[in-house]
Amino acid sequence: MGTTGGKTAVIQGGEIGHATTAVEFLHGVAEGKVDPNVHEGAKIIVLGGGNVAFDAARTSAKLGAKVSMFCLEARAVMLADDEEIDGAIEEGVELHDSTTNLEIIGTEEKLEGLRYADITGFKFGPNGLEADIIEGSEKIEKGDYFIFAMGQKAVIPDDFGIEKNRFGFPVMKEGTVHETVQEGIF
């Protein structure tokens with residue numbers, strides 16, 4: 001099955017559009033179908049800090065866009081390889097580490113940007129992300145388009161015959177990590 005779909009974040013203003021996932025964006029570029037929103041002079045905001053996020057940011061920059069990245073983790077503990085991070089910075093990607101995304105600003109007609117804040121740390125609790133926001137650090141980054149690079153997910157059609165949990169992932173056989181409850185499907 002694999003994880004062929006990209007994840008987005010639940011963020012205030014996220015319903016207005018003007019976004020894609022890194023997986024969709026990179027897949028399109030690989031097939032020669034470049035997203036028309038990513039072009040010379042466009043201001044792209046990439047949300048994420050793993051290798052796929054940096055792939056999306058670097059690819060956008062190579063297409064002529066001005067790119068800013070926002071990541072929860074501090075630079076020293078980012079999930080991406082140092083080679084990816086250093087390459088992106090050398091290619092002009094603006095990196096905002098230790099930040100949390102507060103709101104996507106704009107309308108369905110026009111995106112204005114991202115409201116974000118600096119943080120000293122974060123954790124995922126029972127209600128989701130809990131960020132330690134630095135008081136008075138809120139800022140707005142102007143942008144034309146978002147690329148969500150916050151992980152990947154399995155894309156399993158409802159008629160595929162696999163039992164899924166509430167998050168859309170296959171239900172695993174008890175005591176295993178790779179075997180689904182359907183016999184012979186891993």
# chains A, B, ... in the order shown; residues from 1 in each chain; ligands from 1
call {"tool": "residues_around", "arguments": {"residues": "segment 146-151 of chain A", "least_positions_apart": "2", "cutoff": "10 Å", "atoms": "only C-alpha atoms", "output": "MDAnalysis selection string"}}
result
chainID A and resid 3 5:9 14 17:25 37:38 43:57 60 67:69 71 104 111 113:114 143:144 153
call {"tool": "atom_distance", "arguments": {"atom1": "atom CA of Glu103 of chain A", "atom2": "atom CA of Arg115 of chain A"}}
result
5.1 Å
call {"tool": "closest_residue", "arguments": {"among": "A:Ile134, A:Val177, A:Ala65, A:Leu102", "to": "His39 of chain A", "atoms": "only C-alpha atoms"}}
result
A:Ala65
call {"tool": "atom_distance", "arguments": {"atom1": "atom CA of Phe169 of chain A", "atom2": "atom CA of Gly184 of chain A"}}
result
16.7 Å
call {"tool": "closest_residue", "arguments": {"among": "A:Gly175, A:Gly121, A:Gly28, A:Pro157", "to": "Ser98 of chain A", "atoms": "only C-alpha atoms"}}
result
A:Gly121
call {"tool": "select_by_dssp", "arguments": {"residues": "chain A", "states": "strand (DSSP E)", "output": "MDAnalysis selection string"}}
result
chainID A and resid 5:6 19:21 43:47 66:70 94:96 99:106 111:125 128:133 139:142 145:148 152:153
call {"tool": "select_by_dssp", "arguments": {"residues": "chain A", "states": "alpha helix (DSSP H)", "output": "PyMOL selection string"}}
result
chain A and resi 22-30+51-62+82-90
call {"tool": "write_last_selection", "arguments": {"atoms": "C-alpha atoms", "output": "mmCIF file, in the first residue's frame"}}
result
data_model
loop_
_atom_site.group_PDB
_atom_site.id
_atom_site.type_symbol
_atom_site.label_atom_id
_atom_site.label_comp_id
_atom_site.auth_asym_id
_atom_site.auth_seq_id
_atom_site.Cartn_x
_atom_site.Cartn_y
_atom_site.Cartn_z
ATOM 1 C CA ALA A 22 4.601 18.178 -0.579
ATOM 2 C CA VAL A 23 3.804 14.667 -1.831
ATOM 3 C CA GLU A 24 1.334 15.973 -4.445
ATOM 4 C CA PHE A 25 3.670 18.811 -5.464
ATOM 5 C CA LEU A 26 6.770 16.615 -5.866
ATOM 6 C CA HIS A 27 4.824 13.880 -7.644
ATOM 7 C CA GLY A 28 3.540 16.465 -10.116
ATOM 8 C CA VAL A 29 7.016 17.872 -10.761
ATOM 9 C CA ALA A 30 8.376 14.351 -11.332
ATOM 10 C CA ASN A 51 13.555 15.671 4.157
ATOM 11 C CA VAL A 52 10.363 15.827 2.064
ATOM 12 C CA ALA A 53 9.751 19.397 3.245
ATOM 13 C CA PHE A 54 13.247 20.364 2.162
ATOM 14 C CA ASP A 55 12.766 18.576 -1.186
ATOM 15 C CA ALA A 56 9.624 20.651 -1.770
ATOM 16 C CA ALA A 57 11.330 23.885 -0.683
ATOM 17 C CA ARG A 58 14.437 23.305 -2.816
ATOM 18 C CA THR A 59 12.370 22.296 -5.837
ATOM 19 C CA SER A 60 10.234 25.431 -5.471
ATOM 20 C CA ALA A 61 13.364 27.578 -5.259
ATOM 21 C CA LYS A 62 14.766 25.925 -8.402
ATOM 22 C CA ASP A 82 22.018 18.223 7.558
ATOM 23 C CA GLU A 83 22.872 17.956 3.856
ATOM 24 C CA GLU A 84 19.260 18.859 2.924
ATOM 25 C CA ILE A 85 19.115 21.759 5.385
ATOM 26 C CA ASP A 86 22.483 23.203 4.364
ATOM 27 C CA GLY A 87 21.630 22.805 0.659
ATOM 28 C CA ALA A 88 18.331 24.639 1.090
ATOM 29 C CA ILE A 89 19.961 27.534 2.926
ATOM 30 C CA GLU A 90 22.669 27.771 0.229
#
